[in-house]
$ cat model-v9.tsv   # TSV, C-alpha atoms
chain	number	residue	atom	x	y	z
K	1	MET	CA	-6.61	13.78	-11.82
K	2	THR	CA	-7.29	10.85	-9.48
K	3	TYR	CA	-7.92	11.27	-5.76
K	4	HIS	CA	-4.45	9.87	-5.05
K	5	GLU	CA	-2.81	12.38	-7.44
K	6	ALA	CA	-4.82	15.24	-5.94
K	7	MET	CA	-3.79	14.14	-2.45
K	8	ILE	CA	-0.14	14.08	-3.49
K	9	LYS	CA	-0.48	17.59	-4.96
K	10	ASP	CA	-2.04	18.90	-1.73
K	11	VAL	CA	0.45	17.21	0.57
K	12	ARG	CA	3.45	18.31	-1.56
K	13	GLU	CA	2.61	21.80	-0.35
K	14	LEU	CA	3.38	20.75	3.21
K	15	GLN	CA	6.89	21.43	4.33
K	16	GLY	CA	8.95	18.51	5.52
K	17	VAL	CA	6.76	15.86	3.88
K	18	ILE	CA	7.94	13.61	1.09
K	19	PRO	CA	5.53	11.59	-1.11
K	20	PHE	CA	6.31	7.90	-0.91
K	21	ASP	CA	6.26	7.82	-4.72
K	22	ASP	CA	9.39	10.01	-4.64
K	23	ILE	CA	11.07	7.72	-2.11
K	24	LEU	CA	10.18	4.70	-4.22
K	25	ALA	CA	11.47	6.41	-7.39
K	26	GLU	CA	14.81	7.07	-5.66
K	27	GLN	CA	14.94	3.46	-4.57
K	28	PHE	CA	14.20	2.29	-8.13
K	29	ALA	CA	16.99	4.50	-9.48
K	30	ALA	CA	19.45	3.09	-6.96
K	31	ASP	CA	18.34	-0.51	-7.34
K	32	PRO	CA	16.85	-1.49	-10.73
K	33	GLU	CA	16.35	-5.08	-9.48
K	34	PHE	CA	14.02	-3.77	-6.80
K	35	GLU	CA	12.03	-1.90	-9.47
K	36	GLU	CA	11.81	-5.04	-11.60
K	37	GLU	CA	10.54	-7.01	-8.61
K	38	TRP	CA	8.02	-4.28	-7.73
K	39	ASN	CA	6.71	-4.27	-11.29
K	40	ARG	CA	6.64	-8.06	-11.43
K	41	LEU	CA	4.21	-8.03	-8.48
K	42	ALA	CA	1.76	-5.53	-9.99
K	43	LEU	CA	-0.86	-8.27	-10.38
K	44	ALA	CA	-0.38	-9.42	-6.78
K	45	ARG	CA	-0.91	-5.88	-5.49
K	46	ALA	CA	-3.99	-5.30	-7.66
K	47	VAL	CA	-5.57	-8.54	-6.43
K	48	SER	CA	-4.65	-7.66	-2.85
K	49	ILE	CA	-6.35	-4.26	-3.07
K	50	GLU	CA	-9.44	-5.74	-4.71
K	51	LEU	CA	-9.80	-8.32	-1.94
K	52	LEU	CA	-9.36	-5.61	0.71
K	53	ARG	CA	-12.10	-3.59	-1.02
K	54	TYR	CA	-14.36	-6.62	-1.12
K	55	ARG	CA	-13.78	-7.31	2.58
K	56	ALA	CA	-14.47	-3.67	3.46
K	57	LYS	CA	-17.64	-3.54	1.34
K	58	HIS	CA	-19.02	-6.74	2.83
K	59	LYS	CA	-17.65	-6.09	6.32
K	60	LEU	CA	-15.78	-9.37	6.33
K	61	SER	CA	-12.84	-10.45	8.43
K	62	GLN	CA	-10.04	-12.41	6.77
K	63	ARG	CA	-11.68	-15.51	8.21
K	64	GLY	CA	-15.01	-14.49	6.65
K	65	LEU	CA	-13.39	-13.95	3.27
K	66	ALA	CA	-11.66	-17.32	3.57
K	67	LYS	CA	-15.09	-18.89	4.00
K	68	VAL	CA	-16.44	-17.08	0.91
K	69	LEU	CA	-13.45	-18.19	-1.17
K	70	GLY	CA	-13.36	-21.69	0.26
K	71	VAL	CA	-9.72	-21.35	1.29
K	72	SER	CA	-7.81	-21.14	4.57
K	73	GLN	CA	-7.29	-17.85	6.43
K	74	PRO	CA	-3.49	-17.99	5.87
K	75	ARG	CA	-4.23	-18.22	2.14
K	76	VAL	CA	-6.32	-15.05	2.37
K	77	TYR	CA	-3.46	-13.40	4.21
K	78	GLU	CA	-1.05	-14.48	1.46
K	79	LEU	CA	-3.34	-13.07	-1.25
K	80	GLU	CA	-3.79	-9.81	0.69
K	81	SER	CA	-0.05	-9.44	1.26
K	82	GLY	CA	0.45	-8.49	-2.40
K	83	GLU	CA	3.87	-10.10	-2.31
K	84	LYS	CA	3.19	-13.17	-4.44
K	85	ASN	CA	1.50	-13.30	-7.85
K	86	PRO	CA	-1.59	-15.53	-7.82
K	87	HIS	CA	-2.08	-18.31	-10.36
K	88	VAL	CA	-4.78	-18.02	-13.03
K	89	GLU	CA	-6.71	-20.80	-11.26
K	90	THR	CA	-6.76	-18.69	-8.10
K	91	LEU	CA	-8.11	-15.69	-10.01
K	92	MET	CA	-10.81	-17.91	-11.49
K	93	LYS	CA	-11.78	-19.10	-8.02
K	94	ILE	CA	-11.86	-15.55	-6.62
K	95	SER	CA	-13.93	-14.32	-9.55
K	96	ALA	CA	-16.47	-17.13	-9.27
K	97	ALA	CA	-16.87	-16.65	-5.51
K	98	THR	CA	-16.93	-12.85	-5.32
K	99	GLY	CA	-18.01	-11.55	-8.72
K	100	ILE	CA	-14.75	-9.62	-9.10
K	101	GLU	CA	-13.59	-9.31	-12.71
K	102	PHE	CA	-9.92	-9.24	-13.59
K	103	ALA	CA	-8.44	-7.96	-16.86
K	104	ILE	CA	-4.76	-8.48	-17.47
K	105	ASP	CA	-2.87	-7.28	-20.52
K	106	ILE	CA	0.69	-8.41	-21.18
K	107	ALA	CA	2.35	-6.91	-24.24
K	108	PRO	CA	5.88	-6.20	-25.43
K	109	GLN	CA	7.28	-3.22	-23.57
K	110	GLU	CA	7.38	-0.90	-26.59
K	111	ALA	CA	4.08	-1.99	-28.13
K	112	LYS	CA	0.71	-0.36	-27.61
K	113	PRO	CA	-1.91	-2.85	-26.37
K	114	THR	CA	-4.12	-3.89	-29.25
K	115	LEU	CA	-6.27	-6.62	-27.73
K	116	ALA	CA	-7.22	-5.13	-24.37
K	117	GLY	CA	-10.29	-3.04	-23.68
K	118	ARG	CA	-10.18	0.65	-22.82
K	119	LYS	CA	-10.17	0.17	-19.05
K	120	VAL	CA	-7.12	-2.08	-18.85
K	121	SER	CA	-5.32	-0.15	-21.61
K	122	GLY	CA	-5.62	2.97	-19.49
K	123	GLU	CA	-3.96	1.38	-16.49
K	124	PRO	CA	-0.30	2.15	-15.81
K	125	ALA	CA	2.17	-0.21	-17.47
K	126	HIS	CA	4.44	-2.15	-15.14
K	127	ILE	CA	7.60	-3.04	-17.05
K	128	CYS	CA	9.10	-6.39	-16.21
K	129	ALA	CA	11.29	-8.76	-18.25
K	130	GLY	CA	10.77	-6.69	-21.39
K	131	ALA	CA	6.98	-6.80	-21.18
K	132	ALA	CA	4.41	-4.25	-20.08
K	133	VAL	CA	1.83	-5.60	-17.64
K	134	ARG	CA	-1.45	-3.78	-17.10
K	135	VAL	CA	-4.08	-4.93	-14.64
K	136	ALA	CA	-7.65	-3.77	-14.08
K	137	CYS	CA	-10.14	-5.14	-11.57
K	138	ALA	CA	-13.79	-4.37	-11.02
Y	1	MET	CA	3.62	10.67	2.47
Y	2	PHE	CA	6.59	10.55	4.79
Y	3	ASP	CA	7.72	13.02	7.39
Y	4	ALA	CA	11.28	14.00	6.39
Y	5	GLY	CA	12.62	12.35	9.56
Y	6	ALA	CA	10.69	9.17	8.84
Y	7	ALA	CA	12.10	9.13	5.29
Y	8	VAL	CA	15.63	9.28	6.73
Y	9	GLU	CA	14.80	6.46	9.16
Y	10	TYR	CA	13.42	4.36	6.31
Y	11	ALA	CA	16.53	4.97	4.16
Y	12	ASP	CA	19.05	4.47	6.97
Y	13	LEU	CA	17.50	1.66	8.97
Y	14	VAL	CA	15.54	-0.59	6.61
Y	15	LYS	CA	18.23	-2.34	4.59
Y	16	SER	CA	16.56	-5.63	3.70
Y	17	LYS	CA	14.97	-5.67	0.24
Y	18	GLY	CA	12.30	-8.03	1.52
Y	19	GLU	CA	11.34	-5.67	4.33
Y	20	ARG	CA	11.31	-2.71	1.95
Y	21	LYS	CA	9.02	-4.64	-0.36
Y	22	ALA	CA	6.68	-5.42	2.53
Y	23	ILE	CA	6.69	-1.79	3.68
Y	24	ALA	CA	6.01	-0.53	0.14
Y	25	ALA	CA	3.15	-3.04	-0.19
Y	26	VAL	CA	1.45	-1.92	3.03
Y	27	ILE	CA	1.84	1.75	2.06
Y	28	ASP	CA	0.23	0.92	-1.28
Y	29	LYS	CA	-2.70	-0.55	0.66
Y	30	LEU	CA	-3.03	2.59	2.78
Y	31	ALA	CA	-2.91	4.83	-0.32
Y	32	GLU	CA	-5.65	2.79	-2.00
Y	33	MET	CA	-7.86	2.00	0.99
Y	34	GLY	CA	-7.47	5.02	3.29
Y	35	GLU	CA	-9.91	4.83	6.18
Y	36	ARG	CA	-11.16	1.47	4.92
Y	37	LEU	CA	-7.83	-0.20	5.66
Y	38	THR	CA	-8.48	-2.55	8.53
Y	39	PRO	CA	-6.51	-4.80	10.88
Y	40	PRO	CA	-4.29	-6.78	10.58
Y	41	HIS	CA	-2.64	-4.37	8.12
Y	42	MET	CA	-3.05	-1.43	10.54
Y	43	LYS	CA	-3.86	-0.90	14.18
Y	44	PRO	CA	-5.14	2.22	15.94
Y	45	LEU	CA	-2.94	3.32	18.85
Y	46	HIS	CA	-4.49	4.13	22.19
Y	47	GLY	CA	-4.33	7.62	23.58
Y	48	GLY	CA	-6.66	9.63	21.38
Y	49	SER	CA	-3.98	11.39	19.36
Y	50	GLY	CA	-5.13	9.80	16.13
Y	51	LEU	CA	-1.94	7.82	15.66
Y	52	ARG	CA	-2.09	4.43	14.00
Y	53	GLU	CA	0.50	1.85	13.11
Y	54	LEU	CA	1.03	0.23	9.74
Y	55	ARG	CA	1.95	-3.40	10.17
Y	56	PRO	CA	3.88	-4.82	7.20
Y	57	ARG	CA	3.24	-8.54	6.71
Y	58	ARG	CA	0.31	-8.43	9.13
Y	59	GLY	CA	2.70	-7.61	11.98
Y	60	ALA	CA	5.14	-10.43	11.17
Y	61	SER	CA	7.68	-7.83	9.98
Y	62	ASP	CA	10.14	-6.33	12.47
Y	63	TRP	CA	9.11	-2.88	11.31
Y	64	ARG	CA	6.26	-0.59	12.21
Y	65	LEU	CA	5.28	2.71	10.62
Y	66	ILE	CA	3.39	5.15	12.80
Y	67	TYR	CA	1.12	7.41	10.81
Y	68	ARG	CA	-1.73	9.84	11.13
Y	69	ARG	CA	-4.30	11.38	8.88
Y	70	ILE	CA	-3.32	15.00	8.35
Y	71	GLY	CA	-5.46	17.19	6.13
Y	72	PRO	CA	-6.19	15.44	2.85
Y	73	GLY	CA	-3.81	12.52	3.30
Y	74	TYR	CA	-1.78	10.32	5.56
Y	75	VAL	CA	1.68	11.08	6.86
Y	76	VAL	CA	4.07	8.41	8.12
Y	77	LEU	CA	5.63	10.06	11.14
Y	78	THR	CA	8.22	7.51	12.10
Y	79	VAL	CA	9.67	4.16	11.05
Y	80	ALA	CA	10.88	1.91	13.85
Y	81	ARG	CA	11.44	-1.66	14.91
Y	82	HIS	CA	8.52	-2.95	16.93
Y	83	ASP	CA	10.76	-3.44	19.99
Y	84	ASP	CA	11.46	0.33	19.92
Y	85	PHE	CA	7.79	1.12	19.97
Y	86	THR	CA	7.45	3.36	23.05
Y	87	MET	CA	10.18	5.71	21.83
Y	88	ALA	CA	8.71	5.62	18.34
Y	89	VAL	CA	5.32	6.80	19.61
Y	90	GLY	CA	7.09	9.64	21.42
Y	91	ARG	CA	8.85	10.63	18.21
Y	92	ALA	CA	5.62	10.46	16.22
Y	93	ASN	CA	3.83	12.67	18.74
Y	94	ALA	CA	6.67	15.19	18.62
Y	95	ARG	CA	6.58	15.30	14.81
Y	96	VAL	CA	2.83	15.42	14.32
Y	97	GLY	CA	2.59	18.97	15.67
Y	98	THR	CA	4.86	20.26	12.95
Y	99	HIS	CA	2.49	19.01	10.26
Y	100	LEU	CA	-0.89	19.96	11.62
Y	101	ARG	CA	-2.45	22.96	9.98
Y	102	LEU	CA	-5.39	24.52	11.75
Y	103	ASP	CA	-6.92	25.73	8.50
Y	104	TRP	CA	-7.36	22.20	7.18
Y	105	LYS	CA	-10.98	21.23	7.49
Y	106	GLY	CA	-11.93	17.91	8.95
Y	107	ASP	CA	-8.52	17.35	10.49
Y	108	LYS	CA	-9.69	15.42	13.50
Y	109	PRO	CA	-8.05	12.36	15.01
$ encode --input "model-v9.tsv" --output "structure tokens"
Amino acid sequence: MTYHEAMIKDVRELQGVIPFDDILAEQFAADPEFEEEWNRLALARAVSIELLRYRAKHKLSQRGLAKVLGVSQPRVYELESGEKNPHVETLMKISAATGIEFAIDIAPQEAKPTLAGRKVSGEPAHICAGAAVRVACA
Amino acid sequence: MFDAGAAVEYADLVKSKGERKAIAAVIDKLAEMGERLTPPHMKPLHGGSGLRELRPRRGASDWRLIYRRIGPGYVVLTVARHDDFTMAVGRANARVGTHLRLDWKGDKP
């Protein structure tokens, strides 16, 4: 059980509190297009979180991270927003500048990943356009 | 985690898919980063009650989510437009008391 899952279990016991996962699930059920869009942006969110972690670890502002990456501060904001998938070239640039490693597996929705390593295979699958996308960062 | 009232506000008031996407993205950041989430994605609120605001799209969104750490996690206490902020803080303060449990260790603002 991850920390996040344990937290959800603990907080479920509180009265009058609803896990956001439940709210999101309801939203997905009511609007499958929204779910598709959410899943399509799984890579964007993973990159966003990894950059936030990097900034926190190195005590950097967005401006400081921009300097490390050799990009503008608005570009850092865009990457941290998690609302737009980055290009492969951007991931290469981030990896070279920060040492972050990205593993992305894209496979047919029904198929089990056969090429990916254990870490990325164990990540949740985000279903979009008939494919399952799994992302791991370290 | 959402206070039940905040969940109703989110469902009733936030109609734009784009805004919902931005709100979901910033909540994802809070869930993953916790105390390490820094401005501009959040901002502590003055007054010592431990309230903070989540700022979708670095504050460029119309919406704000006021939240607080309670026990093991974070609870969004209210969802409001940023021009309704004073009333929203009042609502959040009124709701926070219903969630605080004295037997939860480390539950300090």
$ atom_distance --input "model-v9.tsv" --atom1 "CA of Phe2 in chain Y" --atom2 "CA of Phe20 in chain K"
6.3 Å
$ interface_residues --input "model-v9.tsv" --of "chain K" --to "chain Y" --cutoff "7 Å" --atoms "all atoms listed in the file" --output "number ranges by chain"
K: 7, 11, 16-20, 49, 56, 81-82
$ residues_around --input "model-v9.tsv" --residues "Cys137 in chain K" --least-positions-apart "5" --cutoff "8 Å" --atoms "only C-alpha atoms" --output "list in words"
Ala46, Val47, Glu50, Ile100, Glu101, Phe102 and Ala103 of chain K
$ residues_near_point --input "model-v9.tsv" --point "(-6.7, 10.1, 10.6)" --cutoff "10 Å" --atoms "only C-alpha atoms" --output "PyMOL selection string"
chain Y and resi 34-35+44+49-52+67-75+106-109
$ atom_distance --input "model-v9.tsv" --atom1 "CA of Gly64 in chain K" --atom2 "CA of Lys93 in chain K"
15.7 Å
$ atom_distance --input "model-v9.tsv" --atom1 "CA of Glu110 in chain K" --atom2 "CA of Ala132 in chain K"
7.9 Å
$ closest_residue --input "model-v9.tsv" --among "K:Val133, K:Ala66, K:Leu43, K:Ile127" --to "Pro113 in chain K" --atoms "all atoms listed in the file"
K:Val133
$ closest_residue --input "model-v9.tsv" --among "K:Thr114, K:Gln73, K:Thr98, K:Asn85" --to "His58 in chain K" --atoms "all atoms listed in the file"
K:Thr98
$ closest_residue --input "model-v9.tsv" --among "K:Lys59, K:Met92, K:Leu52, K:Gln109" --to "Val76 in chain K" --atoms "all atoms listed in the file"
K:Leu52
$ closest_residue --input "model-v9.tsv" --among "K:His126, K:Lys119, K:Arg40, K:Arg45" --to "Leu79 in chain K" --atoms "only C-alpha atoms"
K:Arg45
$ closest_residue --input "model-v9.tsv" --among "K:Arg63, K:Ala116, K:Tyr77, K:Gly99" --to "Ala60 in chain Y" --atoms "only C-alpha atoms"
K:Tyr77
$ decode --input "model-v9.tsv" --residues "range 35-121 of chain K" --atoms "C-alpha atoms" --output "short mmCIF file (atom, residue, chain, number, x, y, z; two decimals), in the first residue's frame"
data_model
loop_
_atom_site.label_atom_id
_atom_site.label_comp_id
_atom_site.auth_asym_id
_atom_site.auth_seq_id
_atom_site.Cartn_x
_atom_site.Cartn_y
_atom_site.Cartn_z
CA GLU K 35 -11.34 10.81 -18.79
CA GLU K 36 -9.67 10.37 -22.19
CA GLU K 37 -8.12 13.82 -21.90
CA TRP K 38 -6.97 13.13 -18.33
CA ASN K 39 -5.34 9.88 -19.42
CA ARG K 40 -3.80 11.51 -22.49
CA LEU K 41 -1.95 13.91 -20.17
CA ALA K 42 -0.47 11.22 -17.89
CA LEU K 43 3.02 11.94 -19.22
CA ALA K 44 2.59 15.69 -18.69
CA ARG K 45 1.56 15.14 -15.06
CA ALA K 46 4.42 12.72 -14.39
CA VAL K 47 6.96 15.18 -15.79
CA SER K 48 5.35 18.01 -13.82
CA ILE K 49 5.63 16.10 -10.53
CA GLU K 50 9.23 15.10 -11.24
CA LEU K 51 10.22 18.71 -11.90
CA LEU K 52 8.46 19.82 -8.71
CA ARG K 53 10.39 17.15 -6.80
CA TYR K 54 13.64 18.29 -8.37
CA ARG K 55 12.93 21.91 -7.47
CA ALA K 56 12.06 20.95 -3.89
CA LYS K 57 15.17 18.77 -3.50
CA HIS K 58 17.48 21.46 -4.85
CA LYS K 59 15.56 24.35 -3.28
CA LEU K 60 15.10 26.02 -6.62
CA SER K 61 12.57 28.61 -7.69
CA GLN K 62 10.96 28.27 -11.11
CA ARG K 63 13.47 30.85 -12.29
CA GLY K 64 16.32 28.74 -10.87
CA LEU K 65 15.04 25.63 -12.62
CA ALA K 66 14.71 27.60 -15.85
CA LYS K 67 18.40 28.43 -15.56
CA VAL K 68 19.31 24.77 -14.99
CA LEU K 69 17.25 23.67 -18.00
CA GLY K 70 18.34 26.57 -20.18
CA VAL K 71 14.75 27.61 -20.88
CA SER K 72 12.53 30.55 -19.96
CA GLN K 73 10.56 30.71 -16.70
CA PRO K 74 7.21 30.58 -18.56
CA ARG K 75 8.42 27.34 -20.15
CA VAL K 76 9.09 25.91 -16.69
CA TYR K 77 5.62 26.99 -15.67
CA GLU K 78 4.16 25.25 -18.72
CA LEU K 79 6.04 22.03 -17.92
CA GLU K 80 4.97 22.19 -14.27
CA SER K 81 1.33 22.82 -15.18
CA GLY K 82 0.94 19.19 -16.28
CA GLU K 83 -1.58 20.28 -18.88
CA LYS K 84 0.47 19.78 -22.03
CA ASN K 85 2.48 16.69 -23.02
CA PRO K 86 6.16 17.51 -23.57
CA HIS K 87 7.98 16.52 -26.75
CA VAL K 88 10.66 13.81 -26.67
CA GLU K 89 13.28 16.52 -27.33
CA THR K 90 12.14 18.32 -24.19
CA LEU K 91 12.46 15.14 -22.13
CA MET K 92 15.96 14.65 -23.51
CA LYS K 93 16.89 18.19 -22.50
CA ILE K 94 15.44 17.77 -19.00
CA SER K 95 17.21 14.45 -18.53
CA ALA K 96 20.57 15.80 -19.65
CA ALA K 97 20.31 18.86 -17.40
CA THR K 98 18.89 17.27 -14.25
CA GLY K 99 19.78 13.58 -14.33
CA ILE K 100 16.10 12.61 -14.24
CA GLU K 101 15.36 9.37 -16.10
CA PHE K 102 12.07 8.84 -17.89
CA ALA K 103 10.62 5.49 -18.93
CA ILE K 104 7.51 5.48 -21.08
CA ASP K 105 5.69 2.38 -22.25
CA ILE K 106 2.95 2.60 -24.85
CA ALA K 107 1.22 -0.67 -25.70
CA PRO K 108 -2.15 -1.77 -27.07
CA GLN K 109 -4.79 -1.40 -24.39
CA GLU K 110 -5.41 -5.13 -23.96
CA ALA K 111 -1.79 -6.25 -24.22
CA LYS K 112 0.62 -6.81 -21.36
CA PRO K 113 3.82 -4.76 -21.75
CA THR K 114 6.58 -7.00 -23.03
CA LEU K 115 9.42 -4.56 -23.67
CA ALA K 116 9.31 -2.36 -20.57
CA GLY K 117 11.24 -2.96 -17.38
CA ARG K 118 9.62 -3.91 -14.08
CA LYS K 119 9.35 -0.35 -12.76
CA VAL K 120 7.40 1.11 -15.66
CA SER K 121 5.33 -2.09 -16.09
#
